[in-house]
Each structure stands twice: as C-alpha cells, then as structure tokens.
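The structure file model30.cif is reproduced below (mmCIF, C-alpha atoms).
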```cif
data_run
#
loop_
_atom_site.label_atom_id
_atom_site.label_comp_id
_atom_site.auth_asym_id
_atom_site.auth_seq_id
_atom_site.Cartn_x
_atom_site.Cartn_y
_atom_site.Cartn_z
CA MET A 1 -184.93 -84.06 58.27
CA THR A 2 -181.30 -83.78 57.62
CA ARG A 3 -179.77 -81.32 55.15
CA PRO A 4 -176.29 -81.86 53.82
CA ALA A 5 -173.79 -79.20 54.63
CA ALA A 6 -173.29 -76.46 52.05
CA GLY A 7 -169.67 -77.50 51.51
CA ALA A 8 -170.71 -81.04 50.70
CA MET A 9 -173.12 -79.80 48.04
CA ARG A 10 -170.43 -77.73 46.39
CA TYR A 11 -168.09 -80.72 46.32
CA VAL A 12 -170.68 -82.90 44.62
CA GLY A 13 -171.26 -80.22 41.91
CA GLN A 14 -167.54 -79.80 41.12
CA SER A 15 -167.10 -83.54 40.92
CA LYS A 16 -169.70 -83.84 38.19
CA HIS A 17 -168.15 -80.97 36.28
CA HIS A 18 -164.70 -82.48 36.42
CA TRP A 19 -165.91 -85.86 35.32
CA HIS A 20 -167.34 -84.17 32.25
CA LEU A 21 -164.00 -82.55 31.60
CA LEU A 22 -162.27 -85.87 31.97
CA ALA A 23 -164.68 -87.45 29.52
CA CYS A 24 -164.01 -84.65 27.05
CA VAL A 25 -160.27 -85.17 27.31
CA CYS A 26 -160.62 -88.89 26.72
CA VAL A 27 -162.90 -88.43 23.70
CA ALA A 28 -160.67 -85.76 22.23
CA ALA A 29 -157.60 -87.87 22.71
CA LEU A 30 -159.30 -90.73 20.93
CA LEU A 31 -160.44 -88.51 18.06
CA TRP A 32 -157.16 -86.58 17.63
CA PRO A 33 -154.40 -88.77 18.96
CA GLU A 34 -151.99 -87.13 16.52
CA ALA A 35 -152.40 -83.78 18.19
CA ALA A 36 -150.01 -84.75 20.87
CA VAL A 37 -147.51 -86.34 18.47
CA ALA A 38 -148.04 -84.32 15.24
CA GLN A 39 -145.03 -83.99 12.96
CA ARG A 40 -143.38 -80.66 12.84
CA LEU A 41 -142.82 -79.81 9.18
CA ASP A 42 -140.78 -76.87 8.02
CA LEU A 43 -140.36 -75.90 4.37
CA THR A 44 -138.38 -72.97 3.10
CA ILE A 45 -137.94 -71.88 -0.51
CA SER A 46 -135.48 -69.17 -1.41
CA PRO A 47 -135.72 -67.24 -3.60
CA THR A 48 -139.37 -67.61 -4.51
CA SER A 49 -138.93 -65.97 -7.88
CA ILE A 50 -137.60 -68.16 -10.70
CA THR A 51 -136.77 -66.38 -13.95
CA PHE A 52 -135.84 -67.57 -17.40
CA PRO A 53 -134.04 -64.93 -19.47
CA SER A 54 -134.67 -64.57 -23.19
CA ALA A 55 -132.31 -66.60 -25.35
CA ASP A 56 -131.78 -67.72 -28.93
CA PRO A 57 -133.18 -71.26 -29.23
CA ASP A 58 -130.35 -72.22 -31.59
CA VAL A 59 -127.74 -71.13 -29.07
CA ASN A 60 -129.59 -72.12 -25.90
CA PRO A 61 -132.02 -74.97 -26.56
CA THR A 62 -132.58 -75.02 -22.83
CA ILE A 63 -132.83 -71.93 -20.66
CA VAL A 64 -131.49 -72.48 -17.18
CA SER A 65 -132.69 -70.45 -14.21
CA ALA A 66 -130.62 -69.59 -11.20
CA PRO A 67 -130.89 -72.41 -8.64
CA ILE A 68 -133.22 -72.05 -5.70
CA LEU A 69 -132.60 -73.40 -2.22
CA VAL A 70 -135.16 -75.78 -0.79
CA SER A 71 -134.86 -76.50 2.89
CA VAL A 72 -136.79 -79.35 4.50
CA ARG A 73 -137.03 -80.10 8.22
CA ILE A 74 -139.15 -82.81 9.81
CA ARG A 75 -139.41 -83.42 13.54
CA GLN A 76 -141.53 -85.62 15.75
CA ASN A 77 -141.93 -88.15 12.98
CA GLN A 78 -141.55 -90.79 15.63
CA ALA A 79 -142.85 -93.77 13.71
CA ALA A 80 -140.36 -93.11 10.92
CA LEU A 81 -143.23 -92.57 8.55
CA PRO A 82 -142.52 -91.57 4.97
CA TRP A 83 -142.56 -87.94 3.92
CA GLN A 84 -142.41 -86.23 0.56
CA LEU A 85 -141.95 -82.87 -1.04
CA THR A 86 -143.97 -82.27 -4.21
CA VAL A 87 -144.46 -79.42 -6.62
CA LEU A 88 -147.55 -78.61 -8.66
CA ALA A 89 -147.99 -75.82 -11.19
CA ASN A 90 -151.17 -73.80 -11.10
CA GLY A 91 -151.30 -73.90 -14.90
CA ASP A 92 -149.27 -73.44 -18.04
CA LEU A 93 -146.94 -70.49 -18.46
CA ILE A 94 -149.20 -67.63 -19.52
CA ALA A 95 -148.62 -64.33 -21.33
CA GLY A 96 -151.96 -62.80 -22.16
CA SER A 97 -153.72 -65.21 -24.46
CA GLN A 98 -150.54 -67.11 -25.20
CA THR A 99 -149.40 -70.19 -23.30
CA VAL A 100 -146.35 -72.38 -23.08
CA ASP A 101 -147.08 -75.87 -21.84
CA ILE A 102 -145.79 -76.23 -18.31
CA THR A 103 -144.29 -79.63 -19.16
CA ASN A 104 -141.59 -77.68 -20.98
CA VAL A 105 -140.24 -76.84 -17.53
CA THR A 106 -138.07 -79.46 -15.88
CA TRP A 107 -135.82 -79.37 -12.86
CA ALA A 108 -132.60 -80.87 -11.67
CA ALA A 109 -132.27 -81.28 -7.91
CA THR A 110 -129.37 -82.22 -5.69
CA PRO A 111 -128.40 -83.98 -3.52
CA ALA A 112 -130.04 -87.19 -4.62
CA PRO A 113 -131.48 -88.70 -2.52
CA PRO A 114 -133.60 -87.31 -1.07
CA PHE A 115 -134.02 -84.83 -3.90
CA GLN A 116 -134.79 -85.92 -7.44
CA ASN A 117 -135.22 -84.52 -10.93
CA GLY A 118 -138.57 -84.11 -12.58
CA THR A 119 -140.94 -82.34 -14.95
CA LEU A 120 -143.58 -79.83 -13.92
CA SER A 121 -147.22 -80.71 -14.26
CA LYS A 122 -150.37 -78.68 -13.81
CA THR A 123 -152.49 -81.73 -13.02
CA VAL A 124 -150.45 -84.08 -10.86
CA ALA A 125 -148.09 -83.05 -8.08
CA GLN A 126 -144.59 -84.20 -8.93
CA ARG A 127 -142.17 -85.50 -6.34
CA VAL A 128 -139.15 -83.33 -5.62
CA ALA A 129 -137.86 -85.20 -2.59
CA ALA A 130 -138.87 -88.10 -0.40
CA GLY A 131 -137.70 -90.03 2.63
CA ALA A 132 -138.75 -91.45 5.95
CA GLY A 133 -138.42 -90.46 9.55
CA ASN A 134 -137.06 -87.23 10.85
CA VAL A 135 -134.96 -84.77 8.94
CA ASN A 136 -133.30 -82.81 11.67
CA PRO A 137 -131.31 -80.70 11.22
CA ALA A 138 -132.87 -79.38 8.04
CA LYS A 139 -131.79 -80.80 4.71
CA ASP A 140 -130.96 -78.28 2.01
CA GLY A 141 -131.46 -79.05 -1.65
CA SER A 142 -130.58 -77.11 -4.76
CA VAL A 143 -133.23 -77.05 -7.46
CA THR A 144 -132.47 -75.68 -10.89
CA PHE A 145 -135.37 -75.17 -13.25
CA ARG A 146 -134.95 -75.43 -17.01
CA LEU A 147 -137.21 -74.24 -19.81
CA ALA A 148 -137.10 -75.97 -23.18
CA ASN A 149 -136.53 -73.10 -25.58
CA SER A 150 -138.35 -72.98 -28.90
CA TRP A 151 -138.82 -70.78 -31.94
CA THR A 152 -142.53 -71.53 -31.76
CA TYR A 153 -143.09 -69.51 -28.60
CA SER A 154 -144.78 -66.17 -29.11
CA ALA A 155 -142.94 -63.21 -27.72
CA GLY A 156 -144.08 -62.13 -24.29
CA THR A 157 -143.45 -62.35 -20.58
CA TYR A 158 -144.85 -65.61 -19.32
CA THR A 159 -145.59 -66.31 -15.67
CA GLN A 160 -147.05 -69.01 -13.49
CA THR A 161 -147.00 -69.98 -9.85
CA ILE A 162 -145.91 -73.34 -8.53
CA VAL A 163 -146.74 -74.75 -5.12
CA PHE A 164 -144.31 -76.84 -3.12
CA THR A 165 -145.91 -79.11 -0.54
CA LEU A 166 -144.06 -80.92 2.20
CA SER A 167 -146.25 -83.63 3.66
CA ALA A 168 -146.11 -86.54 6.02
CA PRO A 169 -148.95 -88.83 6.97
CA MET B 170 -154.28 -76.84 43.06
CA SER B 171 -156.70 -79.72 43.08
CA ARG B 172 -156.35 -82.53 40.63
CA TRP B 173 -159.57 -81.36 39.00
CA ARG B 174 -158.14 -77.96 38.40
CA LEU B 175 -155.07 -79.64 36.96
CA LEU B 176 -157.30 -81.73 34.76
CA SER B 177 -159.07 -78.64 33.53
CA LEU B 178 -155.77 -76.98 32.83
CA ALA B 179 -154.58 -80.05 30.94
CA LEU B 180 -157.68 -79.98 28.82
CA VAL B 181 -157.17 -76.36 27.94
CA VAL B 182 -153.53 -76.99 27.07
CA TRP B 183 -154.37 -80.06 25.05
CA VAL B 184 -157.11 -78.30 23.06
CA SER B 185 -154.77 -75.39 22.43
CA ALA B 186 -152.07 -77.75 21.27
CA ALA B 187 -154.49 -79.56 19.02
CA LEU B 188 -155.60 -76.33 17.44
CA ALA B 189 -152.10 -74.99 17.10
CA ALA B 190 -150.51 -78.22 15.94
CA PRO B 191 -149.17 -78.02 12.38
CA ALA B 192 -151.16 -79.71 9.68
CA GLY B 193 -149.67 -82.74 7.98
CA ALA B 194 -148.43 -80.53 5.17
CA GLN B 195 -146.53 -77.33 4.69
CA THR B 196 -146.72 -75.37 1.45
CA SER B 197 -144.65 -72.68 -0.16
CA THR B 198 -145.32 -70.88 -3.42
CA ALA B 199 -142.82 -69.73 -6.03
CA THR B 200 -143.31 -67.80 -9.23
CA LEU B 201 -141.94 -68.77 -12.63
CA SER B 202 -141.27 -66.01 -15.12
CA ALA B 203 -140.03 -66.52 -18.68
CA ASP B 204 -138.96 -63.58 -20.82
CA ILE B 205 -139.50 -64.46 -24.48
CA ARG B 206 -138.45 -61.62 -26.75
CA THR B 207 -138.88 -61.07 -30.46
CA LEU B 208 -136.12 -62.59 -32.50
CA ALA B 209 -135.47 -63.32 -36.17
CA LYS B 210 -132.83 -65.36 -37.89
CA LEU B 211 -132.39 -65.85 -41.62
CA THR B 212 -130.23 -68.44 -43.32
CA LEU B 213 -129.48 -68.64 -47.05
CA SER B 214 -127.72 -71.62 -48.57
CA ALA B 215 -125.66 -69.39 -50.85
CA ALA B 216 -124.20 -65.93 -50.41
CA SER B 217 -123.68 -65.43 -54.13
CA VAL B 218 -125.32 -66.62 -57.29
CA SER B 219 -124.29 -66.34 -60.91
CA PHE B 220 -125.95 -66.66 -64.27
CA PRO B 221 -124.01 -68.26 -67.10
CA ASP B 222 -123.89 -66.84 -70.61
CA ALA B 223 -126.49 -68.23 -72.96
CA ASP B 224 -128.04 -67.70 -76.37
CA PRO B 225 -131.20 -65.60 -75.90
CA ASP B 226 -132.95 -67.58 -78.64
CA VAL B 227 -132.29 -70.83 -76.83
CA VAL B 228 -132.59 -69.77 -73.19
CA GLY B 229 -134.94 -66.87 -72.58
CA GLN B 230 -134.73 -67.22 -68.79
CA ILE B 231 -131.38 -68.26 -67.36
CA PRO B 232 -131.61 -70.03 -63.99
CA SER B 233 -128.85 -69.30 -61.50
CA LEU B 234 -126.06 -71.82 -61.22
CA GLY B 235 -126.19 -74.12 -58.28
CA GLY B 236 -129.94 -74.39 -58.35
CA PRO B 237 -132.43 -72.81 -55.97
CA ILE B 238 -131.34 -71.00 -52.83
CA ALA B 239 -132.52 -72.78 -49.71
CA ILE B 240 -133.99 -70.31 -47.26
CA THR B 241 -134.67 -70.91 -43.58
CA ALA B 242 -136.48 -68.19 -41.67
CA LYS B 243 -136.78 -68.46 -37.91
CA SER B 244 -138.80 -65.93 -36.05
CA ARG B 245 -140.31 -65.28 -32.68
CA ALA B 246 -142.99 -62.67 -33.00
CA THR B 247 -145.80 -61.22 -30.97
CA PRO B 248 -149.08 -63.10 -31.29
CA ALA B 249 -150.78 -62.91 -34.71
CA SER B 250 -148.17 -60.52 -36.08
CA GLN B 251 -146.85 -60.73 -39.62
CA VAL B 252 -143.39 -62.08 -40.32
CA ILE B 253 -142.10 -60.87 -43.67
CA LEU B 254 -139.09 -61.79 -45.77
CA THR B 255 -138.18 -59.25 -48.43
CA VAL B 256 -135.38 -58.73 -50.93
CA VAL B 257 -134.15 -55.52 -52.54
CA ALA B 258 -131.38 -54.81 -55.00
CA SER B 259 -128.78 -52.23 -54.15
CA ASP B 260 -128.88 -51.03 -57.71
CA ASP B 261 -129.32 -52.23 -61.26
CA LEU B 262 -126.93 -54.89 -62.54
CA ARG B 263 -123.81 -53.02 -63.56
CA SER B 264 -120.83 -53.71 -65.75
CA GLY B 265 -118.79 -50.53 -65.92
CA ILE B 266 -121.11 -47.95 -67.34
CA GLN B 267 -123.46 -50.57 -68.74
CA THR B 268 -126.55 -51.48 -66.76
CA ILE B 269 -129.31 -54.03 -66.85
CA ALA B 270 -132.44 -53.23 -64.88
CA ALA B 271 -132.77 -55.13 -61.61
CA SER B 272 -136.23 -56.16 -62.78
CA ALA B 273 -134.52 -58.51 -65.25
CA ILE B 274 -134.22 -60.89 -62.31
CA THR B 275 -137.28 -62.81 -61.26
CA TRP B 276 -137.80 -65.84 -59.09
CA THR B 277 -139.91 -68.88 -58.49
CA VAL B 278 -140.36 -70.46 -55.09
CA THR B 279 -141.30 -73.54 -53.15
CA GLY B 280 -142.49 -73.71 -49.57
CA ALA B 281 -145.46 -72.50 -47.60
CA GLY B 282 -145.70 -68.74 -47.43
CA PHE B 283 -143.17 -68.11 -50.22
CA GLN B 284 -144.24 -66.22 -53.30
CA PRO B 285 -142.74 -65.52 -56.74
CA GLY B 286 -141.62 -62.02 -57.63
CA THR B 287 -139.55 -59.58 -59.59
CA LEU B 288 -136.50 -57.84 -58.18
CA SER B 289 -136.54 -54.08 -57.60
CA LYS B 290 -133.89 -51.60 -56.63
CA ALA B 291 -136.46 -49.14 -55.34
CA THR B 292 -138.78 -51.16 -53.14
CA PRO B 293 -138.23 -54.32 -51.09
CA VAL B 294 -140.23 -57.13 -52.65
CA THR B 295 -141.87 -59.76 -50.50
CA VAL B 296 -140.35 -63.22 -50.86
CA ALA B 297 -142.37 -64.85 -48.08
CA GLN B 298 -144.88 -63.97 -45.43
CA TRP B 299 -146.21 -65.81 -42.38
CA THR B 300 -148.14 -65.20 -39.20
CA GLY B 301 -146.59 -65.55 -35.76
CA SER B 302 -143.60 -67.48 -34.48
CA GLY B 303 -142.03 -70.49 -36.10
CA VAL B 304 -139.37 -72.00 -38.31
CA ARG B 305 -140.12 -71.90 -42.04
CA SER B 306 -138.17 -73.27 -44.97
CA GLY B 307 -138.42 -72.89 -48.72
CA THR B 308 -136.46 -72.33 -51.87
CA GLN B 309 -136.03 -69.45 -54.25
CA GLN B 310 -134.91 -70.02 -57.80
CA LEU B 311 -133.52 -66.81 -59.34
CA MET B 312 -133.93 -66.35 -63.08
CA PHE B 313 -132.26 -63.83 -65.38
CA GLN B 314 -134.15 -62.48 -68.40
CA ASN B 315 -131.82 -63.02 -71.35
CA LEU B 316 -131.99 -60.43 -74.15
CA TRP B 317 -130.04 -59.65 -77.31
CA SER B 318 -130.02 -56.01 -76.31
CA TYR B 319 -127.57 -56.37 -73.46
CA ALA B 320 -124.05 -55.11 -73.93
CA THR B 321 -121.48 -57.75 -73.26
CA GLY B 322 -119.80 -57.72 -69.92
CA THR B 323 -119.90 -59.16 -66.41
CA TYR B 324 -122.74 -57.58 -64.50
CA THR B 325 -123.08 -57.60 -60.75
CA ALA B 326 -125.47 -56.37 -58.10
CA SER B 327 -126.02 -56.89 -54.41
CA LEU B 328 -129.24 -58.21 -52.98
CA THR B 329 -130.32 -57.64 -49.40
CA TYR B 330 -132.73 -60.06 -47.73
CA THR B 331 -134.55 -58.84 -44.66
CA LEU B 332 -136.58 -60.95 -42.25
CA SER B 333 -138.69 -58.82 -39.99
CA SER B 334 -141.31 -59.31 -37.35
CA PRO B 335 -142.85 -56.78 -34.99
#
```

Output the structure of this file as structure tokens.
Amino acid sequence: MTRPAAGAMRYVGQSKHHWHLLACVCVAALLWPEAAVAQRLDLTISPTSITFPSADPDVNPTIVSAPILVSVRIRQNQAALPWQLTVLANGDLIAGSQTVDITNVTWAATPAPPFQNGTLSKTVAQRVAAGAGNVNPAKDGSVTFRLANSWTYSAGTYTQTIVFTLSAP
Amino acid sequence: MSRWRLLSLALVVWVSAALAAPAGAQTSTATLSADIRTLAKLTLSAASVSFPDADPDVVGQIPSLGGPIAITAKSRATPASQVILTVVASDDLRSGIQTIAASAITWTVTGAGFQPGTLSKATPVTVAQWTGSGVRSGTQQLMFQNLWSYATGTYTASLTYTLSSP
C-alpha cells in the first residue's frame, strides 16, 4: 500500500480552497461589476443654512436669500452616463401649527447649463442640474432661493429641511 | 507569494472595494428658515373729510363729501389672534370756543368685518375686526348729526385710525 507524501496532501487541500476563492471572485464580479468601476460622486453645499428675512410684502413681494454654493464632481463615469442633481423638501415650511406651502419657494441657479431654475416640491424631487459623463474638476453653481411673500402668512419662524441628491446610474 | 495567495489577496481587496465603493448617489441636507414677523398697514382713501352746510329739517344726517372712505387693512398676525381697526377723536368738534360733541359723527360700513359706530373722544371705537393675517377692504361712510342747536361756524376735529394685531 502506498501513501502519498504529506506535502502532496497539503497541496491538494490548498488547491481546493483556492478554487473556491476563485469561484467566489468570479461570482462576485458578475453580481457587482460596478464595484470596480463605480462612479465617484462628490456633492458639497455651502452654507447649509438658507434664511429668508422678514419683509413687507408690498415692498418685497419676493424675499431673496443669500446664494448658496453647490459644488458637483463626478469621476469614473466612464460610459458618459447621465447624472443629475435634485432637491426635495421634507415638507412645507412649518412654524408650530402654521404652514407655508413649500411651492412658494423657488430658486434661480447659475451657470445654466448644467444648473437650472425650479420650484421646490415636497413630493417630487426637482432637478437642479444635469449632464452626462465626468465633471472633473468640480463644477460650482450658485443657487439663490426665493420665497413668495404674502400678507396671508401668519407670523412665526418657519423652517424646513431640503435634501440635495447627486446621482448617476 | 504563490498565485493562490495573490488570488486570495485580490479577493479581499475586491470585497473591500465593493463595500467601500460610493453608492450611486450622494446627498446633502440644507435648512430653510423664514422669519415672518407681525406687520400692519392701513390705507385710507382720504386724509380729510368735510360735511357741507344743510337745513336740519331737510337733512338730519349729513354724509361726508366725496362719499365713503375706502379702507384697506393689511396685517400679518400670530395665529388666531385678533386684528382690530379703531378710530378715536382727538377732541370734540371745535370752532373757536364753540364745540359739538364728537358723538355727533356716526358711520355706516361695507365689507366683511366692518361695523357701524359712533365716534368718541374718550375711547377708541372699533371700526373693523378680523382674525389672523390677511388683506381686508371695506368702506366707511361718515355722517354728521345736523341740529338747529349748533352755533354757526366751521368745526374741525382730528380722527386717529389704528390698526393693531398682537
């Protein structure tokens, strides 16, 4: 009876292990091919506080906030796929039990393109900018929010958060 | 290093990269803040009114010339608070030493929230009242009670309208 050498047995065991690893790599690569080529998205908003000062509606029918800087950078978008920046409000402007419909807030954005003007919504994300391919170096946009002023608003300090989302497929 | 060890290392690196790779979206949150303060603005279509001379037997109540005063009251108030428009006379109507009581002037009104009244020099009288913020319009027709007992003369008085909201 012949026994294989101990070294030969160890080699056979490692071989099986490594074939399993290889199979795992192949399956993973098939399931997540984008992992190796995922876009690198960078979004910066500054400042993140947007304020509308009190004003007489007859004098200032529209209240203009200080502009914010929106910086967008997209890398590794090798297939020149489209990208977009959207904004969605988490609700109406709220002060206690009082609300001001968020659609009273609009914005003006430059440069256009890729940035564009729009009106805030609490239900559907609204496009702020869009394009295709890489944006590298980063593209800076200026976004100025405006609140339609009205005598019908109740006095109070209204707040709401808005979420900017930079996405690419 | 054997190729199998390299393969293992590649797997570890790849899995790490997959886990650390950025999602297909980046988000950033900003906060909107709107400061809406209380504010009131009152507009009258005329800054002065006059009552012409008339025979008390023919015209017991003399309407002011120029017709009713158009009133626009704009107010931003705290929720459910009362917005009140009042008028008060600085004094009785005076012509030299002669006087006619301020209460000789009354008014009729049109418009939601407006109410008729009698002028007073002692207490502001409510002309209109509403709840909360808004723009309201109406008219006020001033009337002068015409009596034989008045001494002749040209009588004057100042009226102060006040729109207030808490």

The PyMOL selection byres ((chain A) within 7 of (chain B)) applied to the shown file, residues as a ChimeraX atom specification: /A:18,21,25,35,38-43,45,48-54,151-169

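Of the listed residues B:Val228, B:Ala291, B:Ala281, B:Ala297, the one whose atoms come nearest to B:Asn315 is B:Val228, with distances taken using all atoms listed in the file.
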
Interatomic distance, atom CA of B:Thr295 to atom CA of B:Asp222 (Å, one decimal): 27.9 Å

Chain and number of each residue from the PyMOL selection byres ((chain A and resi 70-78) around 7), as a PyMOL selection string: chain A and resi 37-46+68-69+79-81+133-142

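Note that atom CA of A:Arg127 and atom CA of A:Trp107 are 11.0 Å apart.
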
Surrounding residues of B:Thr292 excluding itself and chain neighbours under 4 positions, 10 Å, all atoms listed in the file, as an MDAnalysis selection string: chainID B and resid 255:258 288

Interatomic distance, atom CA of A:Thr144 to atom CA of A:Val87 (Å, one decimal): 13.3 Å
